[in-house]
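Chemist: Quick one, entry.txt (compact mmCIF, N, CA and C atoms):
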# COMPACT_ATOMS: atom_id res chain seq x y z
N MET C 525 -25.30 -8.77 4.96
CA MET C 525 -23.85 -8.69 4.78
C MET C 525 -23.43 -9.30 3.46
N THR C 526 -24.02 -10.43 3.10
CA THR C 526 -23.61 -11.14 1.90
C THR C 526 -23.75 -10.27 0.66
N ASP C 527 -24.92 -9.64 0.47
CA ASP C 527 -25.13 -8.80 -0.71
C ASP C 527 -24.17 -7.61 -0.72
N ASN C 528 -23.96 -7.00 0.45
CA ASN C 528 -23.04 -5.87 0.53
C ASN C 528 -21.62 -6.28 0.18
N ALA C 529 -21.18 -7.43 0.67
CA ALA C 529 -19.82 -7.90 0.38
C ALA C 529 -19.67 -8.17 -1.11
N ALA C 530 -20.63 -8.82 -1.72
CA ALA C 530 -20.56 -9.11 -3.16
C ALA C 530 -20.55 -7.83 -3.97
N ARG C 531 -21.38 -6.88 -3.59
CA ARG C 531 -21.43 -5.59 -4.29
C ARG C 531 -20.09 -4.86 -4.17
N LEU C 532 -19.52 -4.87 -2.96
CA LEU C 532 -18.22 -4.22 -2.74
C LEU C 532 -17.14 -4.84 -3.63
N VAL C 533 -17.10 -6.16 -3.70
CA VAL C 533 -16.09 -6.84 -4.51
C VAL C 533 -16.27 -6.52 -5.99
N THR C 534 -17.51 -6.49 -6.45
CA THR C 534 -17.76 -6.14 -7.86
C THR C 534 -17.33 -4.71 -8.14
N GLU C 535 -17.66 -3.79 -7.26
CA GLU C 535 -17.22 -2.40 -7.43
C GLU C 535 -15.70 -2.31 -7.44
N PHE C 536 -15.07 -3.04 -6.53
CA PHE C 536 -13.61 -3.06 -6.48
C PHE C 536 -13.02 -3.55 -7.80
N CYS C 537 -13.51 -4.70 -8.29
CA CYS C 537 -12.98 -5.24 -9.55
C CYS C 537 -13.16 -4.24 -10.68
N ASN C 538 -14.31 -3.60 -10.74
CA ASN C 538 -14.55 -2.61 -11.79
C ASN C 538 -13.67 -1.39 -11.64
N SER C 539 -13.24 -1.08 -10.42
CA SER C 539 -12.38 0.09 -10.20
C SER C 539 -11.02 -0.08 -10.88
N LEU C 540 -10.60 -1.32 -11.09
CA LEU C 540 -9.32 -1.55 -11.75
C LEU C 540 -9.30 -1.00 -13.17
N MET C 541 -10.46 -0.90 -13.78
CA MET C 541 -10.55 -0.39 -15.15
C MET C 541 -10.32 1.12 -15.21
N LEU C 542 -10.45 1.82 -14.08
CA LEU C 542 -10.36 3.27 -14.06
C LEU C 542 -8.92 3.79 -14.14
N GLY C 543 -7.95 2.95 -13.81
CA GLY C 543 -6.56 3.40 -13.81
C GLY C 543 -6.22 4.29 -12.63
N ASP C 544 -7.04 4.30 -11.60
CA ASP C 544 -6.86 5.14 -10.43
C ASP C 544 -6.59 4.26 -9.22
N MET C 545 -5.32 4.03 -8.92
CA MET C 545 -4.97 3.12 -7.83
C MET C 545 -5.40 3.63 -6.47
N ALA C 546 -5.49 4.95 -6.27
CA ALA C 546 -5.99 5.46 -5.00
C ALA C 546 -7.43 5.02 -4.79
N LYS C 547 -8.25 5.10 -5.83
CA LYS C 547 -9.63 4.64 -5.76
C LYS C 547 -9.67 3.13 -5.50
N THR C 548 -8.87 2.38 -6.24
CA THR C 548 -8.84 0.93 -6.07
C THR C 548 -8.44 0.56 -4.64
N CYS C 549 -7.42 1.20 -4.10
CA CYS C 549 -6.96 0.88 -2.74
C CYS C 549 -7.98 1.28 -1.68
N SER C 550 -8.90 2.19 -2.01
CA SER C 550 -9.91 2.60 -1.03
C SER C 550 -10.85 1.45 -0.66
N TYR C 551 -10.89 0.40 -1.48
CA TYR C 551 -11.71 -0.78 -1.18
C TYR C 551 -10.95 -1.80 -0.32
N LEU C 552 -9.67 -1.58 -0.13
CA LEU C 552 -8.81 -2.56 0.54
C LEU C 552 -8.45 -2.11 1.94
N SER C 553 -8.43 -3.05 2.87
CA SER C 553 -7.92 -2.79 4.20
C SER C 553 -6.45 -2.39 4.09
N PRO C 554 -5.96 -1.50 4.94
CA PRO C 554 -4.54 -1.15 4.91
C PRO C 554 -3.63 -2.38 5.09
N GLU C 555 -4.13 -3.44 5.74
CA GLU C 555 -3.36 -4.66 5.97
C GLU C 555 -3.76 -5.78 5.02
N VAL C 556 -4.37 -5.44 3.89
CA VAL C 556 -4.85 -6.45 2.95
C VAL C 556 -3.73 -7.42 2.56
N VAL C 557 -4.10 -8.68 2.40
CA VAL C 557 -3.19 -9.69 1.86
C VAL C 557 -3.67 -9.97 0.44
N TYR C 558 -2.80 -9.72 -0.53
CA TYR C 558 -3.12 -9.91 -1.95
C TYR C 558 -2.23 -11.03 -2.47
N HIS C 559 -2.86 -12.06 -3.02
CA HIS C 559 -2.10 -13.22 -3.46
C HIS C 559 -2.52 -13.62 -4.87
N ASN C 560 -1.66 -13.34 -5.83
CA ASN C 560 -1.79 -13.92 -7.16
C ASN C 560 -1.17 -15.30 -7.03
N MET C 561 -1.98 -16.31 -7.09
CA MET C 561 -1.54 -17.65 -6.70
C MET C 561 -0.29 -18.19 -7.40
N PRO C 562 0.01 -17.79 -8.61
CA PRO C 562 1.29 -18.29 -9.13
C PRO C 562 2.52 -17.70 -8.41
N TRP C 563 2.34 -16.58 -7.68
CA TRP C 563 3.45 -15.88 -7.07
C TRP C 563 3.25 -15.69 -5.57
N ALA C 564 4.20 -15.11 -4.91
CA ALA C 564 4.13 -14.90 -3.46
C ALA C 564 3.11 -13.82 -3.10
N PRO C 565 2.48 -13.93 -1.94
CA PRO C 565 1.53 -12.90 -1.51
C PRO C 565 2.25 -11.62 -1.11
N VAL C 566 1.50 -10.51 -1.16
CA VAL C 566 2.00 -9.22 -0.68
C VAL C 566 1.00 -8.69 0.34
N VAL C 567 1.48 -7.79 1.22
CA VAL C 567 0.64 -7.28 2.29
C VAL C 567 0.68 -5.75 2.29
N GLY C 568 -0.50 -5.15 2.33
CA GLY C 568 -0.62 -3.69 2.46
C GLY C 568 -0.74 -2.96 1.13
N HIS C 569 -1.25 -1.74 1.22
CA HIS C 569 -1.48 -0.92 0.03
C HIS C 569 -0.21 -0.69 -0.79
N ALA C 570 0.89 -0.37 -0.13
CA ALA C 570 2.12 -0.07 -0.88
C ALA C 570 2.57 -1.28 -1.70
N GLU C 571 2.47 -2.46 -1.14
CA GLU C 571 2.90 -3.67 -1.86
C GLU C 571 1.92 -4.02 -2.98
N VAL C 572 0.62 -3.82 -2.73
CA VAL C 572 -0.37 -4.04 -3.80
C VAL C 572 -0.08 -3.10 -4.96
N ARG C 573 0.24 -1.86 -4.66
CA ARG C 573 0.54 -0.88 -5.72
C ARG C 573 1.80 -1.28 -6.49
N LYS C 574 2.79 -1.83 -5.83
CA LYS C 574 3.99 -2.28 -6.55
C LYS C 574 3.64 -3.34 -7.59
N VAL C 575 2.69 -4.20 -7.25
CA VAL C 575 2.27 -5.26 -8.18
C VAL C 575 1.41 -4.68 -9.30
N LEU C 576 0.46 -3.82 -8.94
CA LEU C 576 -0.54 -3.39 -9.91
C LEU C 576 -0.22 -2.12 -10.69
N ASP C 577 0.52 -1.18 -10.08
CA ASP C 577 0.79 0.09 -10.76
C ASP C 577 1.32 -0.08 -12.19
N PRO C 578 2.29 -0.96 -12.43
CA PRO C 578 2.82 -1.07 -13.79
C PRO C 578 1.77 -1.54 -14.81
N LEU C 579 0.71 -2.17 -14.33
CA LEU C 579 -0.29 -2.73 -15.23
C LEU C 579 -1.56 -1.90 -15.35
N VAL C 580 -1.99 -1.26 -14.26
CA VAL C 580 -3.30 -0.63 -14.29
C VAL C 580 -3.33 0.85 -13.90
N HIS C 581 -2.24 1.45 -13.49
CA HIS C 581 -2.28 2.83 -13.02
C HIS C 581 -2.17 3.82 -14.18
N GLY C 582 -3.00 4.81 -14.16
CA GLY C 582 -2.91 5.93 -15.08
C GLY C 582 -3.26 5.60 -16.51
N PRO C 583 -2.79 6.44 -17.43
CA PRO C 583 -3.16 6.28 -18.84
C PRO C 583 -2.54 5.04 -19.48
N GLY C 584 -1.56 4.42 -18.84
CA GLY C 584 -0.95 3.20 -19.37
C GLY C 584 -1.69 1.94 -18.96
N ASN C 585 -2.91 2.09 -18.43
CA ASN C 585 -3.69 0.94 -17.97
C ASN C 585 -3.82 -0.09 -19.09
N ALA C 586 -3.28 -1.28 -18.85
CA ALA C 586 -3.31 -2.34 -19.86
C ALA C 586 -4.58 -3.18 -19.78
N GLN C 587 -5.37 -2.98 -18.74
CA GLN C 587 -6.60 -3.77 -18.62
C GLN C 587 -7.69 -3.09 -19.43
N ARG C 588 -8.16 -3.81 -20.43
CA ARG C 588 -9.15 -3.25 -21.34
C ARG C 588 -10.58 -3.67 -21.02
N ARG C 589 -10.70 -4.80 -20.38
CA ARG C 589 -12.05 -5.32 -20.13
C ARG C 589 -12.01 -6.31 -18.98
N MET C 590 -13.11 -6.35 -18.23
CA MET C 590 -13.28 -7.37 -17.20
C MET C 590 -14.75 -7.78 -17.23
N ASP C 591 -14.98 -9.02 -17.54
CA ASP C 591 -16.34 -9.55 -17.55
C ASP C 591 -16.47 -10.55 -16.41
N ILE C 592 -17.27 -10.19 -15.42
CA ILE C 592 -17.52 -11.08 -14.28
C ILE C 592 -18.72 -11.94 -14.65
N SER C 593 -18.49 -13.23 -14.80
CA SER C 593 -19.57 -14.12 -15.23
C SER C 593 -20.35 -14.72 -14.06
N HIS C 594 -19.69 -14.90 -12.93
CA HIS C 594 -20.35 -15.49 -11.76
C HIS C 594 -19.80 -14.85 -10.49
N THR C 595 -20.70 -14.63 -9.56
CA THR C 595 -20.32 -14.17 -8.22
C THR C 595 -21.15 -14.94 -7.21
N VAL C 596 -20.47 -15.50 -6.22
CA VAL C 596 -21.16 -16.17 -5.12
C VAL C 596 -20.57 -15.62 -3.82
N SER C 597 -21.43 -15.54 -2.81
CA SER C 597 -20.94 -15.05 -1.53
C SER C 597 -21.62 -15.80 -0.40
N ASP C 598 -20.89 -15.89 0.70
CA ASP C 598 -21.37 -16.58 1.88
C ASP C 598 -20.81 -15.82 3.08
N GLY C 599 -21.57 -14.89 3.58
CA GLY C 599 -21.08 -14.10 4.70
C GLY C 599 -19.99 -13.16 4.25
N VAL C 600 -18.80 -13.34 4.76
CA VAL C 600 -17.69 -12.44 4.46
C VAL C 600 -16.86 -12.90 3.27
N THR C 601 -17.15 -14.08 2.73
CA THR C 601 -16.38 -14.62 1.61
C THR C 601 -17.14 -14.42 0.31
N VAL C 602 -16.43 -13.86 -0.69
CA VAL C 602 -16.99 -13.65 -2.02
C VAL C 602 -16.06 -14.31 -3.02
N MET C 603 -16.64 -15.02 -3.96
CA MET C 603 -15.85 -15.63 -5.04
C MET C 603 -16.45 -15.17 -6.36
N ASN C 604 -15.56 -14.89 -7.33
CA ASN C 604 -16.06 -14.57 -8.66
C ASN C 604 -15.23 -15.26 -9.72
N ALA C 605 -15.87 -15.48 -10.86
CA ALA C 605 -15.20 -15.99 -12.06
C ALA C 605 -15.27 -14.86 -13.07
N ARG C 606 -14.13 -14.56 -13.68
CA ARG C 606 -14.11 -13.44 -14.60
C ARG C 606 -13.13 -13.68 -15.74
N MET C 607 -13.36 -12.97 -16.83
CA MET C 607 -12.44 -12.97 -17.96
C MET C 607 -11.88 -11.56 -18.05
N GLU C 608 -10.57 -11.46 -17.94
CA GLU C 608 -9.90 -10.17 -18.04
C GLU C 608 -9.19 -10.08 -19.38
N THR C 609 -9.32 -8.94 -20.03
CA THR C 609 -8.63 -8.70 -21.30
C THR C 609 -7.58 -7.63 -21.06
N TRP C 610 -6.35 -7.97 -21.40
CA TRP C 610 -5.20 -7.09 -21.22
C TRP C 610 -4.54 -6.82 -22.57
N VAL C 611 -4.18 -5.57 -22.81
CA VAL C 611 -3.51 -5.20 -24.05
C VAL C 611 -2.38 -4.23 -23.73
N ARG C 612 -1.19 -4.56 -24.16
CA ARG C 612 -0.06 -3.65 -24.04
C ARG C 612 0.73 -3.79 -25.33
N GLY C 613 0.76 -2.73 -26.12
CA GLY C 613 1.42 -2.78 -27.41
C GLY C 613 0.76 -3.82 -28.29
N GLU C 614 1.56 -4.72 -28.80
CA GLU C 614 1.05 -5.78 -29.68
C GLU C 614 0.58 -7.02 -28.91
N VAL C 615 0.75 -6.99 -27.59
CA VAL C 615 0.39 -8.15 -26.77
C VAL C 615 -1.08 -8.04 -26.34
N HIS C 616 -1.83 -9.09 -26.60
CA HIS C 616 -3.24 -9.18 -26.21
C HIS C 616 -3.41 -10.49 -25.43
N VAL C 617 -3.91 -10.39 -24.20
CA VAL C 617 -4.09 -11.56 -23.35
C VAL C 617 -5.53 -11.60 -22.84
N ASP C 618 -6.20 -12.71 -23.07
CA ASP C 618 -7.49 -12.98 -22.45
C ASP C 618 -7.22 -13.96 -21.30
N LEU C 619 -7.45 -13.51 -20.08
CA LEU C 619 -7.05 -14.25 -18.89
C LEU C 619 -8.24 -14.67 -18.05
N PRO C 620 -8.57 -15.96 -18.02
CA PRO C 620 -9.61 -16.43 -17.10
C PRO C 620 -9.07 -16.39 -15.66
N VAL C 621 -9.87 -15.82 -14.76
CA VAL C 621 -9.45 -15.66 -13.37
C VAL C 621 -10.58 -16.10 -12.45
N ALA C 622 -10.20 -16.78 -11.37
CA ALA C 622 -11.12 -17.06 -10.27
C ALA C 622 -10.60 -16.27 -9.07
N GLY C 623 -11.43 -15.43 -8.51
CA GLY C 623 -11.04 -14.61 -7.38
C GLY C 623 -11.76 -15.01 -6.11
N VAL C 624 -11.04 -14.98 -5.00
CA VAL C 624 -11.62 -15.25 -3.69
C VAL C 624 -11.27 -14.06 -2.80
N PHE C 625 -12.29 -13.48 -2.18
CA PHE C 625 -12.13 -12.27 -1.39
C PHE C 625 -12.73 -12.49 -0.01
N GLU C 626 -12.10 -11.88 0.99
CA GLU C 626 -12.67 -11.85 2.33
C GLU C 626 -12.91 -10.39 2.69
N VAL C 627 -14.13 -10.08 3.11
CA VAL C 627 -14.54 -8.71 3.42
C VAL C 627 -14.85 -8.61 4.91
N ARG C 628 -14.26 -7.62 5.56
CA ARG C 628 -14.53 -7.35 6.97
C ARG C 628 -14.68 -5.84 7.15
N ASP C 629 -15.69 -5.45 7.89
CA ASP C 629 -15.91 -4.03 8.20
C ASP C 629 -15.90 -3.16 6.94
N GLY C 630 -16.48 -3.67 5.86
CA GLY C 630 -16.63 -2.89 4.64
C GLY C 630 -15.38 -2.75 3.80
N LEU C 631 -14.34 -3.53 4.09
CA LEU C 631 -13.10 -3.49 3.31
C LEU C 631 -12.65 -4.91 2.97
N ILE C 632 -11.94 -5.03 1.87
CA ILE C 632 -11.37 -6.32 1.48
C ILE C 632 -10.10 -6.54 2.29
N VAL C 633 -10.05 -7.62 3.05
CA VAL C 633 -8.88 -7.92 3.89
C VAL C 633 -8.00 -9.00 3.28
N ARG C 634 -8.58 -9.78 2.37
CA ARG C 634 -7.81 -10.81 1.67
C ARG C 634 -8.34 -10.92 0.26
N TRP C 635 -7.40 -10.99 -0.70
CA TRP C 635 -7.75 -11.07 -2.11
C TRP C 635 -6.80 -12.07 -2.75
N SER C 636 -7.36 -13.16 -3.24
CA SER C 636 -6.57 -14.20 -3.89
C SER C 636 -7.11 -14.41 -5.31
N ASP C 637 -6.24 -14.33 -6.29
CA ASP C 637 -6.62 -14.59 -7.68
C ASP C 637 -5.91 -15.85 -8.16
N TYR C 638 -6.68 -16.70 -8.82
CA TYR C 638 -6.17 -17.95 -9.36
C TYR C 638 -6.24 -17.88 -10.87
N PHE C 639 -5.10 -18.08 -11.53
CA PHE C 639 -5.03 -18.05 -12.99
C PHE C 639 -3.80 -18.80 -13.43
N ASP C 640 -3.71 -19.04 -14.73
CA ASP C 640 -2.58 -19.75 -15.30
C ASP C 640 -1.45 -18.75 -15.60
N ALA C 641 -0.33 -18.91 -14.94
CA ALA C 641 0.79 -17.98 -15.13
C ALA C 641 1.30 -17.98 -16.56
N ALA C 642 1.25 -19.12 -17.25
CA ALA C 642 1.73 -19.18 -18.63
C ALA C 642 0.87 -18.31 -19.55
N THR C 643 -0.42 -18.22 -19.26
CA THR C 643 -1.31 -17.39 -20.09
C THR C 643 -0.97 -15.92 -19.97
N VAL C 644 -0.62 -15.47 -18.78
CA VAL C 644 -0.34 -14.06 -18.55
C VAL C 644 1.13 -13.69 -18.83
N GLN C 645 1.99 -14.68 -19.04
CA GLN C 645 3.42 -14.40 -19.19
C GLN C 645 3.76 -13.40 -20.31
N PRO C 646 3.11 -13.47 -21.48
CA PRO C 646 3.43 -12.45 -22.51
C PRO C 646 3.20 -11.02 -22.02
N LEU C 647 2.17 -10.80 -21.22
CA LEU C 647 1.93 -9.48 -20.66
C LEU C 647 3.03 -9.11 -19.68
N MET C 648 3.41 -10.05 -18.82
CA MET C 648 4.46 -9.80 -17.84
C MET C 648 5.79 -9.49 -18.53
N ASP C 649 6.03 -10.14 -19.66
CA ASP C 649 7.26 -9.88 -20.40
C ASP C 649 7.34 -8.43 -20.89
N THR C 650 6.19 -7.79 -21.14
CA THR C 650 6.22 -6.39 -21.60
C THR C 650 6.71 -5.46 -20.52
N LEU C 651 6.65 -5.87 -19.26
CA LEU C 651 7.11 -5.04 -18.16
C LEU C 651 8.63 -5.03 -18.04
N LYS C 652 9.28 -6.01 -18.66
CA LYS C 652 10.74 -6.13 -18.59
C LYS C 652 11.44 -5.25 -19.61
N THR C 653 10.70 -4.79 -20.59
CA THR C 653 11.35 -4.00 -21.67
C THR C 653 11.21 -2.53 -21.46
Reformat the file's structure so that it appears as C-alpha cells.

Modeler:
Amino acid sequence: MTDNAARLVTEFCNSLMLGDMAKTCSYLSPEVVYHNMPWAPVVGHAEVRKVLDPLVHGPGNAQRRMDISHTVSDGVTVMNARMETWVRGEVHVDLPVAGVFEVRDGLIVRWSDYFDAATVQPLMDTLKT
C-alpha cells in the first residue's frame, strides 16, 4: 500500500502541470478535503476546482515546474517536499511547499499544503486584475 500511495500522490502532483483539471480531479475522492494551510479548507471536486482552475486549468496554466525533492509514506499517509515554480505575466514565484496526503481506496481523501502565504501573494494578486 505504501508504495502505491506514494506513486499515486506523485502522479497526482505531476498532473497539475497538464492543465487538465478533470485528470487532476480523477486522483481525488469526490469528498476530498483540500487545505492550503494559510487559508480555509475546501471540500469536494467543485470547491477544489474553484481554488485551482484560475491557476492551473487550460492554456493559462501558471505552474511551470514542480520538483519533488522528498517523498515519505507510511501506510495511507504520504508527505512530500517540493519546489513549485509559477509564472503569470511578469510575476515569477518559486514556492517551497510541504504536502501531506491521505490515500484511501486508491484516491486522495485529504490534501494539505503548507507554504508561506507572503511568498505566493504576488501570484495571487494577478488573479485580482

Chemist: Using atom CA of C:Asn585 and atom CA of C:Phe639 as the two end points, give the distance in Å to one decimal.

Modeler: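 Taking atom CA of C:Asn585 as the start and atom CA of C:Phe639 as the end point, the length is 19.7 Å.
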
Chemist: Using all atoms listed in the file, which residues sit within 7 Å of stretch 605-617 of chain C once same-chain residues fewer than 6 positions away are excluded, as a ChimeraX atom specification?

Modeler: /C:585-596,623,643-644,646-647

Chemist: Just the number, please: distance in Å from atom C of C:Val580 to atom C of C:Met545, one decimal.

Modeler: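 Interatomic distance here is 8.2 Å.
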
Chemist: Using the chain letters and numbers from this document, which residues of chain C does DSSP assign to helix (DSSP H, G or I), as a ChimeraX atom specification?

Modeler: /C:526-542,545-549,569-580,582-584,641-650

Chemist: Give me, please, the distance in Å between atom CA of C:Leu552 and atom N of C:Pro583, quoted to one decimal.

Modeler: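 That distance, rounded to one decimal, is 21.0 Å.
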
Chemist: Which one is closest to C:Val621: C:Tyr551, C:Val633, C:Thr650, C:Asp640? Count only N, CA and C atoms.

Modeler: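 Between C:Tyr551, C:Val633, C:Thr650, C:Asp640, the residue approaching C:Val621 most closely is C:Asp640.
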
Chemist: Please provide as a PyMOL selection string all residues within 7 Å of stretch 626-631 of chain C, with the sequence filter that same-chain residues fewer than 2 positions apart are discarded (counting only N, CA and C atoms).

Modeler: chain C and resi 529+550-553+599-602+624+633-636
